[in-house]
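Shown below: work.txt, with compact mmCIF, C-alpha atoms.
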```txt
# COMPACT_ATOMS: atom_id res chain seq x y z
CA MET A 1000 155.91 125.40 130.81
CA GLY A 1001 155.02 128.16 128.36
CA SER A 1002 153.94 131.60 129.53
CA PRO A 1003 150.64 133.24 128.63
CA GLY A 1004 152.57 135.51 126.28
CA ALA A 1005 153.81 132.52 124.30
CA LEU A 1006 150.28 131.10 124.09
CA ALA A 1007 149.02 134.47 122.93
CA GLY A 1008 151.73 134.52 120.27
CA TRP A 1009 150.32 131.32 118.80
CA GLY A 1010 146.79 132.73 118.88
CA LEU A 1011 145.51 130.16 121.34
CA LEU A 1012 144.14 132.83 123.67
CA ASP A 1013 142.59 134.96 120.94
CA TYR A 1014 138.82 135.44 120.91
CA LYS A 1015 137.02 135.59 117.61
CA THR A 1016 133.63 137.21 117.07
CA GLU A 1017 131.54 137.56 113.94
CA LYS A 1018 131.66 140.67 111.85
CA TYR A 1019 128.94 141.25 109.30
CA VAL A 1020 130.05 142.93 106.09
CA MET A 1021 127.57 144.07 103.44
CA THR A 1022 129.12 143.31 100.05
CA ARG A 1023 127.85 144.75 96.79
CA ASN A 1024 128.46 141.58 94.75
CA TRP A 1025 125.32 140.81 92.76
CA ARG A 1026 126.61 137.47 91.45
CA VAL A 1027 127.10 135.92 94.89
CA GLY A 1028 123.98 137.62 96.22
CA ALA A 1029 121.80 136.25 93.40
CA LEU A 1030 123.26 132.78 93.86
CA GLN A 1031 122.55 132.88 97.61
CA ARG A 1032 118.92 133.94 97.13
CA LEU A 1033 118.40 131.28 94.45
CA LEU A 1034 119.79 128.53 96.68
CA GLN A 1035 117.76 129.76 99.67
CA LEU A 1036 114.61 129.71 97.54
CA GLY A 1037 115.39 126.14 96.52
CA VAL A 1038 115.79 125.07 100.16
CA VAL A 1039 112.49 126.72 101.14
CA VAL A 1040 110.65 125.03 98.26
CA TYR A 1041 112.22 121.67 99.16
CA VAL A 1042 111.41 121.90 102.88
CA VAL A 1043 107.87 123.28 102.52
CA GLY A 1044 106.79 121.67 99.25
CA TRP A 1045 108.51 118.30 99.32
CA ALA A 1046 109.50 117.47 102.90
CA LEU A 1047 106.44 118.91 104.67
CA ILE A 1048 103.58 118.68 102.16
CA VAL A 1049 104.45 115.78 99.84
CA LYS A 1050 106.38 113.52 102.23
CA LYS A 1051 104.38 114.72 105.26
CA GLY A 1052 107.48 115.40 107.30
CA TYR A 1053 105.35 116.86 110.08
CA GLN A 1054 103.73 113.50 110.88
CA GLU A 1055 104.54 110.50 113.03
CA GLN A 1056 103.87 107.43 110.86
CA ASP A 1057 102.99 103.78 111.35
CA LEU A 1058 104.17 101.74 108.35
CA ASP A 1059 103.67 98.23 109.80
CA PRO A 1060 99.94 97.67 110.32
CA GLN A 1061 98.21 94.44 111.32
CA ILE A 1062 96.13 93.16 108.38
CA SER A 1063 93.35 90.56 108.25
CA ILE A 1064 91.77 89.43 104.95
CA ILE A 1065 88.60 87.46 104.23
CA THR A 1066 87.79 86.21 100.71
CA LYS A 1067 84.68 84.50 99.36
CA LEU A 1068 84.25 83.43 95.74
CA LYS A 1069 80.78 82.74 94.32
CA GLY A 1070 79.65 81.22 91.04
CA VAL A 1071 78.74 77.98 89.29
CA SER A 1072 79.82 76.46 86.00
CA VAL A 1073 78.77 73.43 83.94
CA THR A 1074 81.07 71.16 81.90
CA GLN A 1075 80.26 68.33 79.52
CA ILE A 1076 83.07 65.83 78.96
CA LYS A 1077 83.09 62.10 78.30
CA GLU A 1078 84.73 61.10 81.58
CA LEU A 1079 82.32 63.02 83.84
CA GLY A 1080 79.30 63.69 81.66
CA ASN A 1081 77.22 66.75 82.52
CA ARG A 1082 79.00 68.07 85.62
CA LEU A 1083 78.15 71.09 87.78
CA TRP A 1084 81.09 72.86 89.43
CA ASP A 1085 80.62 75.10 92.47
CA VAL A 1086 82.95 76.90 94.88
CA ALA A 1087 84.09 73.71 96.62
CA ASP A 1088 85.24 72.31 93.24
CA PHE A 1089 86.96 75.20 91.45
CA VAL A 1090 88.62 77.00 94.37
CA LYS A 1091 91.74 75.52 95.94
CA PRO A 1092 92.60 75.66 98.81
CA ALA A 1093 89.53 76.31 100.90
CA GLN A 1094 88.36 79.93 100.94
CA GLY A 1095 89.01 82.47 103.64
CA GLU A 1096 92.72 83.22 103.11
CA ASN A 1097 94.56 85.81 101.06
CA VAL A 1098 95.75 83.22 98.50
CA PHE A 1099 93.56 80.97 96.37
CA PHE A 1100 93.76 79.03 93.11
CA LEU A 1101 90.89 79.48 90.61
CA VAL A 1102 90.52 76.45 88.35
CA THR A 1103 90.05 77.26 84.65
CA ASN A 1104 90.76 73.86 83.06
CA PHE A 1105 91.31 70.28 84.17
CA LEU A 1106 92.20 66.78 83.10
CA VAL A 1107 90.27 64.00 84.82
CA THR A 1108 91.18 60.32 85.16
CA PRO A 1109 88.12 58.67 86.76
CA GLU A 1110 87.79 55.42 88.73
CA GLN A 1111 91.43 54.55 89.19
CA VAL A 1112 92.35 51.45 91.20
CA GLN A 1113 95.74 50.06 92.14
CA GLY A 1114 96.92 47.36 89.76
CA ARG A 1115 99.07 46.65 86.65
CA CYS A 1116 98.60 48.55 83.38
CA PRO A 1117 100.68 49.93 80.45
CA GLU A 1118 102.28 53.34 80.89
CA HIS A 1119 101.14 56.20 78.66
CA PRO A 1120 103.27 56.63 75.48
CA SER A 1121 103.77 60.35 76.14
CA ILE A 1122 105.86 59.59 79.23
CA PRO A 1123 109.63 59.74 78.56
CA LEU A 1124 111.30 56.28 78.34
CA ALA A 1125 107.91 54.55 78.44
CA ASN A 1126 108.00 53.15 74.88
CA CYS A 1127 109.63 49.75 74.41
CA TRP A 1128 110.24 46.91 71.94
CA ALA A 1129 111.14 44.11 74.32
CA HIS A 1130 111.05 43.20 78.01
CA GLU A 1131 114.71 44.19 78.32
CA ASP A 1132 113.71 47.82 77.72
CA CYS A 1133 111.71 47.79 80.97
CA PRO A 1134 113.98 46.98 83.95
CA GLU A 1135 111.87 45.67 86.83
CA GLY A 1136 111.59 48.03 89.80
CA GLU A 1137 112.64 51.14 87.90
CA MET A 1138 110.58 54.25 88.65
CA GLY A 1139 111.64 56.19 85.59
CA THR A 1140 113.52 59.15 87.08
CA HIS A 1141 115.86 61.18 84.90
CA SER A 1142 118.14 64.14 85.54
CA HIS A 1143 116.97 67.60 84.52
CA GLY A 1144 119.77 70.00 85.38
CA LEU A 1145 120.25 69.78 89.13
CA GLU A 1146 116.80 68.21 89.67
CA PHE A 1147 115.52 64.65 89.32
CA VAL A 1148 112.11 64.37 87.69
CA LEU A 1149 109.78 61.41 88.25
CA CYS A 1150 108.53 60.33 84.83
CA PHE A 1151 106.56 57.14 85.35
CA GLN A 1152 103.24 56.99 87.16
CA GLY A 1153 104.21 53.75 88.87
CA ILE A 1154 106.94 51.12 89.19
CA LYS A 1155 108.00 49.01 86.20
CA THR A 1156 107.11 45.33 86.33
CA GLY A 1157 109.70 44.26 83.73
CA GLN A 1158 107.13 43.58 81.02
CA CYS A 1159 106.74 45.31 77.64
CA VAL A 1160 103.03 45.22 76.74
CA VAL A 1161 100.70 46.61 74.09
CA PHE A 1162 99.22 50.03 74.84
CA ASN A 1163 97.24 50.42 71.60
CA GLU A 1164 97.50 49.52 67.93
CA THR A 1165 100.52 51.80 67.37
CA HIS A 1166 102.43 51.78 70.70
CA ARG A 1167 104.02 49.30 73.05
CA THR A 1168 104.94 50.62 76.52
CA CYS A 1169 106.38 49.33 79.77
CA GLU A 1170 103.91 47.86 82.19
CA ILE A 1171 103.78 49.54 85.61
CA ARG A 1172 102.31 48.82 89.01
CA GLY A 1173 100.30 51.85 90.15
CA TRP A 1174 96.95 53.56 89.83
CA CYS A 1175 95.22 52.31 86.69
CA PRO A 1176 94.25 53.41 84.12
CA VAL A 1177 97.12 55.89 83.89
CA GLU A 1178 96.60 59.58 83.44
CA SER A 1179 96.41 60.90 79.88
CA SER A 1180 98.44 63.90 78.78
CA THR A 1181 95.76 65.30 76.46
CA VAL A 1182 94.44 68.53 77.95
CA PRO A 1183 91.45 70.34 76.42
CA VAL A 1184 92.71 73.26 74.33
CA LYS A 1185 89.94 75.64 75.37
CA PRO A 1186 89.50 76.18 79.12
CA LEU A 1187 86.52 74.18 80.31
CA LEU A 1188 85.76 76.60 83.12
CA VAL A 1189 86.06 79.83 81.11
CA GLN A 1190 82.80 80.96 82.71
CA ALA A 1191 84.85 81.62 85.85
CA LYS A 1192 85.51 85.13 84.55
CA ASN A 1193 81.93 85.99 85.57
CA PHE A 1194 82.37 84.74 89.14
CA THR A 1195 82.34 87.31 91.93
CA LEU A 1196 84.99 87.69 94.60
CA PHE A 1197 84.23 89.27 97.98
CA ILE A 1198 87.34 90.76 99.59
CA LYS A 1199 87.11 92.28 103.03
CA ASN A 1200 90.25 93.51 104.75
CA THR A 1201 90.78 95.26 108.06
CA VAL A 1202 93.91 97.30 108.69
CA THR A 1203 94.85 98.06 112.31
CA PHE A 1204 97.47 100.65 113.22
CA SER A 1205 98.42 99.68 116.75
CA LYS A 1206 100.67 102.75 117.19
CA PHE A 1207 97.65 105.06 116.93
CA ASN A 1208 94.98 102.57 118.11
CA PHE A 1209 93.10 103.02 114.82
CA SER A 1210 91.40 100.52 112.48
CA LYS A 1211 90.02 100.87 108.95
CA SER A 1212 88.09 98.50 106.65
CA ASN A 1213 87.51 98.62 102.90
CA ALA A 1214 83.83 97.63 103.23
CA LEU A 1215 81.10 100.21 103.46
CA GLU A 1216 79.42 100.36 106.86
CA THR A 1217 75.72 99.90 106.16
CA TRP A 1218 72.63 98.53 107.87
CA ASP A 1219 71.36 97.08 104.57
CA ASN A 1220 72.03 93.33 104.75
CA THR A 1221 71.42 92.91 101.01
CA TYR A 1222 73.87 95.60 99.87
CA PHE A 1223 76.86 93.29 99.38
CA LYS A 1224 74.69 90.75 97.53
CA ARG A 1225 73.68 93.16 94.80
CA CYS A 1226 76.54 95.67 94.55
CA ARG A 1227 79.55 95.39 92.27
CA TYR A 1228 82.75 97.37 92.58
CA ASP A 1229 83.07 100.42 90.38
CA PRO A 1230 85.76 103.06 90.97
CA LEU A 1231 83.27 105.87 90.31
CA SER A 1232 79.77 104.79 91.37
CA THR A 1233 80.48 102.19 94.11
CA PRO A 1234 84.12 102.56 95.26
CA PHE A 1235 83.37 101.05 98.70
CA CYS A 1236 81.76 97.83 97.42
CA PRO A 1237 84.22 94.96 98.09
CA VAL A 1238 82.60 92.60 95.54
CA PHE A 1239 84.67 92.22 92.36
CA ARG A 1240 84.06 90.41 89.08
CA ILE A 1241 86.99 88.11 88.27
CA GLY A 1242 87.16 89.21 84.65
CA ASP A 1243 87.32 92.85 85.73
CA LEU A 1244 90.19 92.13 88.12
CA VAL A 1245 92.23 90.49 85.36
CA ALA A 1246 91.40 93.36 82.97
CA ALA A 1247 92.45 95.93 85.58
CA ALA A 1248 95.82 94.14 85.76
CA GLY A 1249 96.21 94.60 82.00
CA GLY A 1250 95.24 91.08 80.85
CA ASP A 1251 92.49 89.02 79.30
CA PHE A 1252 91.01 86.20 81.37
CA GLU A 1253 90.86 83.53 78.65
CA ALA A 1254 94.28 84.45 77.23
CA LEU A 1255 95.81 84.33 80.71
CA ALA A 1256 94.24 80.94 81.40
CA LEU A 1257 95.67 79.52 78.14
CA LEU A 1258 99.10 81.02 78.85
CA LEU A 1259 99.31 79.44 82.30
CA GLN A 1260 98.09 76.15 80.84
CA GLU A 1261 100.85 76.21 78.19
CA ARG A 1262 103.39 76.84 80.95
CA SER A 1263 102.06 73.81 82.89
CA TYR A 1264 100.93 75.81 85.90
CA ASN A 1265 98.94 73.03 87.57
CA PHE A 1266 98.65 70.66 90.48
CA ARG A 1267 96.87 67.35 91.14
CA THR A 1268 94.21 66.37 93.62
CA ALA A 1269 92.16 63.20 94.06
CA THR A 1270 88.90 62.01 95.58
CA HIS A 1271 89.12 58.56 97.24
CA TRP A 1272 86.40 56.05 98.10
CA TRP A 1273 85.91 52.32 98.70
CA GLU A 1274 84.09 50.08 96.25
CA THR A 1275 81.55 47.57 97.49
CA SER A 1276 84.13 44.87 96.76
CA GLY A 1277 86.47 46.44 99.32
CA VAL A 1278 88.84 47.91 96.70
CA GLU A 1279 90.06 51.49 97.14
CA ALA A 1280 89.34 53.74 94.14
CA ARG A 1281 89.88 57.37 93.27
CA SER A 1282 89.24 60.04 90.65
CA LEU A 1283 92.38 62.00 89.77
CA LEU A 1284 92.13 65.66 88.73
CA LYS A 1285 94.94 67.61 87.15
CA LEU A 1286 93.90 71.24 87.67
CA TYR A 1287 95.04 74.28 85.66
CA GLY A 1288 94.19 77.80 86.69
CA ILE A 1289 95.11 81.22 87.99
CA ARG A 1290 96.63 81.88 91.40
CA PHE A 1291 95.44 85.02 93.16
CA ASN A 1292 97.59 86.68 95.83
CA ILE A 1293 95.81 89.44 97.72
CA LEU A 1294 98.27 91.90 99.23
CA VAL A 1295 97.18 94.80 101.42
CA THR A 1296 99.47 97.59 102.57
CA GLY A 1297 98.77 100.71 104.59
CA ARG A 1298 100.30 103.67 106.33
CA ALA A 1299 98.92 106.11 108.88
CA GLY A 1300 100.25 109.36 110.26
CA LYS A 1301 99.37 112.27 112.54
CA PHE A 1302 101.01 115.53 113.51
CA GLY A 1303 104.05 115.21 115.78
CA ILE A 1304 106.29 117.90 117.20
CA ILE A 1305 109.44 115.78 116.93
CA PRO A 1306 109.30 115.02 113.16
CA THR A 1307 108.25 118.64 112.50
CA THR A 1308 111.24 119.95 114.45
CA ILE A 1309 113.59 117.56 112.65
CA THR A 1310 112.30 118.64 109.24
CA LEU A 1311 112.55 122.35 110.00
CA GLY A 1312 115.95 121.88 111.63
CA THR A 1313 117.20 120.16 108.50
CA GLY A 1314 116.04 123.13 106.43
CA ALA A 1315 117.79 125.59 108.77
CA ALA A 1316 120.98 123.55 108.52
CA TRP A 1317 120.83 123.72 104.72
CA LEU A 1318 120.46 127.51 104.92
CA GLY A 1319 123.64 127.61 107.01
CA VAL A 1320 125.43 125.48 104.45
CA ILE A 1321 124.41 127.93 101.73
CA THR A 1322 125.87 130.86 103.68
CA PHE A 1323 129.11 128.96 104.21
CA PHE A 1324 129.27 128.05 100.51
CA CYS A 1325 128.74 131.66 99.41
CA ASP A 1326 131.45 132.82 101.82
CA LEU A 1327 133.88 130.39 100.21
CA LEU A 1328 133.05 131.73 96.76
CA LEU A 1329 133.43 135.31 97.91
CA LEU A 1330 136.71 134.85 99.81
CA TYR A 1331 138.53 132.32 97.60
CA VAL A 1332 137.01 132.29 94.10
CA ASP A 1333 135.85 135.83 93.32
CA GLY A 1334 138.25 138.13 91.44
CA GLU A 1335 138.24 140.61 94.34
CA SER A 1336 138.60 137.97 97.01
CA TYR A 1337 141.62 139.69 98.65
CA PHE A 1338 139.63 142.85 99.22
CA TYR A 1339 136.72 140.93 100.73
CA TRP A 1340 139.14 138.92 102.89
CA THR A 1341 140.82 141.99 104.40
CA THR A 1342 137.45 143.63 104.94
CA LYS A 1343 135.84 140.63 106.63
CA TYR A 1344 138.76 139.59 108.85
CA GLU A 1345 140.22 142.47 110.93
CA GLU A 1346 142.56 142.28 113.93
CA ALA A 1347 141.38 144.55 116.74
CA LYS A 1348 143.78 145.55 119.57
CA ALA A 1349 143.04 147.76 122.59
CA PRO A 1350 145.22 150.97 122.89
CA LYS A 1351 148.16 150.73 125.26
CA VAL A 1352 147.92 152.77 128.50
CA THR A 1353 151.16 154.03 130.28
CA SER A 1354 151.55 154.12 134.04
CA ASN A 1355 152.70 157.86 134.24
CA PRO A 1356 149.70 160.19 134.07
CA GLU A 1357 151.91 163.17 133.03
CA GLN A 1358 152.99 161.37 129.89
CA ARG A 1359 149.45 161.08 128.75
CA GLU A 1360 148.38 163.40 126.01
CA PRO A 1361 145.52 165.65 127.03
CA ALA A 1362 142.28 164.56 125.59
CA SER A 1363 140.98 166.92 122.99
CA ALA A 1364 137.88 168.73 124.14
CA PRO A 1365 134.77 168.65 122.07
CA PRO A 1366 134.52 171.58 119.69
CA HIS A 1367 131.66 173.27 121.51
CA LEU A 1368 133.55 173.17 124.86
CA ALA A 1369 136.83 174.42 123.40
CA ALA A 1370 135.22 177.56 122.15
CA GLN A 1371 134.31 178.61 125.75
CA VAL A 1372 137.91 178.60 127.07
CA PRO A 1373 139.20 182.28 127.60
```

Just dump the structure as structure tokens.
Amino acid sequence: MGSPGALAGWGLLDYKTEKYVMTRNWRVGALQRLLQLGVVVYVVGWALIVKKGYQEQDLDPQISIITKLKGVSVTQIKELGNRLWDVADFVKPAQGENVFFLVTNFLVTPEQVQGRCPEHPSIPLANCWAHEDCPEGEMGTHSHGLEFVLCFQGIKTGQCVVFNETHRTCEIRGWCPVESSTVPVKPLLVQAKNFTLFIKNTVTFSKFNFSKSNALETWDNTYFKRCRYDPLSTPFCPVFRIGDLVAAAGGDFEALALLLQERSYNFRTATHWWETSGVEARSLLKLYGIRFNILVTGRAGKFGIIPTTITLGTGAAWLGVITFFCDLLLLYVDGESYFYWTTKYEEAKAPKVTSNPEQREPASAPPHLAAQVP
């Protein structure tokens, strides 16, 4: 085993303590103060004030949303005549959720019954010249990339029949008469831009046991019936005009409705009933419109000693890094680094003391005491 002297020779038993040296190097000093100022600005300005690093935060609140759309519109078309549309007609699905579909245009096929009728000429593979062009039992699917699209509105009967004076199409067994593909160019329900939408949301932060709603707390029961949202005059009124919502998103209501119609953003729904003869009938509606998704986010925070300590501790650590970085520049990069190295790091040894007192040199007396010796 090695002796303590050997360990001391390797420096394992040496003790190191800090020695502070004041250096007159303005370049490193200016750099240190500049970096320290940057850390202080970052910690105080950004971490504490902007990012609220002194707060405990709840970023996952519980959110409940209630929506109600109000308005009426009138359409005049051949299939339905003079028809009044209310909320139950132009809002799908039923109201109350954070997602709804506002109908702006539609294609109606009234009084359909199950039977045999010619397919519409606009359907792919529906046109024919002979019965051989209409294989019985075929449903008219064709491949579209990796998907299979159902073309026909029924099942082929094997007959090629007359559709009109210019077209012959395959006869199908399905709901007759078949749906037309001619959609009105101008949205029939363009008046929907003047409808009003009531949005009430409640955000609950369970971490802090705190809840907040977007609706103004008032005892006036008629306030929400007559107010309209305005960011300046009535910012707490949760009643919005549909046209204003679309405009706030950077669009135009009628242009958006036409764009979605051109892109075939639609779905079908039907109303069924039984005729007096016992035959089931329905009216088929192909609805075009705008889908509204209401998303609510929230965050809450309050002062906390732990996040404050972490933020300030991070700033103190950065100040230590700056000191270490400036030391590296001073001791390894600067032109006078050798001088600073020998000044900063000094080996201190205690004076050796002999065992014979006579061999000791007499200690020199202080000047004022030496003068009194005769």

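Using only C-alpha atoms, the nearest neighbour of Thr1168 of chain A within the list A:Val1038, A:Pro1186, A:Ser1205, A:Asn1126 is A:Asn1126.
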
### Message
Let me make sure I understand: among A:Leu1033, A:Leu1106, A:Ile1171, A:Leu1231, which one has the smallest atom-to-atom distance to Phe1266 of chain A if we use all atoms listed in the file?
### Response
A:Leu1106

### Query
Residues around (104.7, 97.3, 102.3), cut-off 12 Å, counting all atoms listed in the file - what are they as a PyMOL selection string?
chain A and resi 1057-1062+1294-1298

### Message
Report as a PyMOL selection string all protein, DNA and RNA residues lying within 8 Å of segment 1074-1079 of chain A, evaluated on all atoms listed in the file, omitting residues in the same chain fewer than 4 positions from it.
### Response
chain A and resi 1083-1084+1107-1109+1187-1188

### Query
Which residue gives the smallest distance to Phe1235 of chain A among A:Val1039, A:Ile1198, A:Leu1258, A:Leu1328, with only C-alpha atoms counted?
A:Ile1198

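Nearest to Ile1241 of chain A of all the residues A:Ile1154, A:Ala1254, A:Leu1101, A:Val1320 is A:Leu1101, based on all atoms listed in the file.
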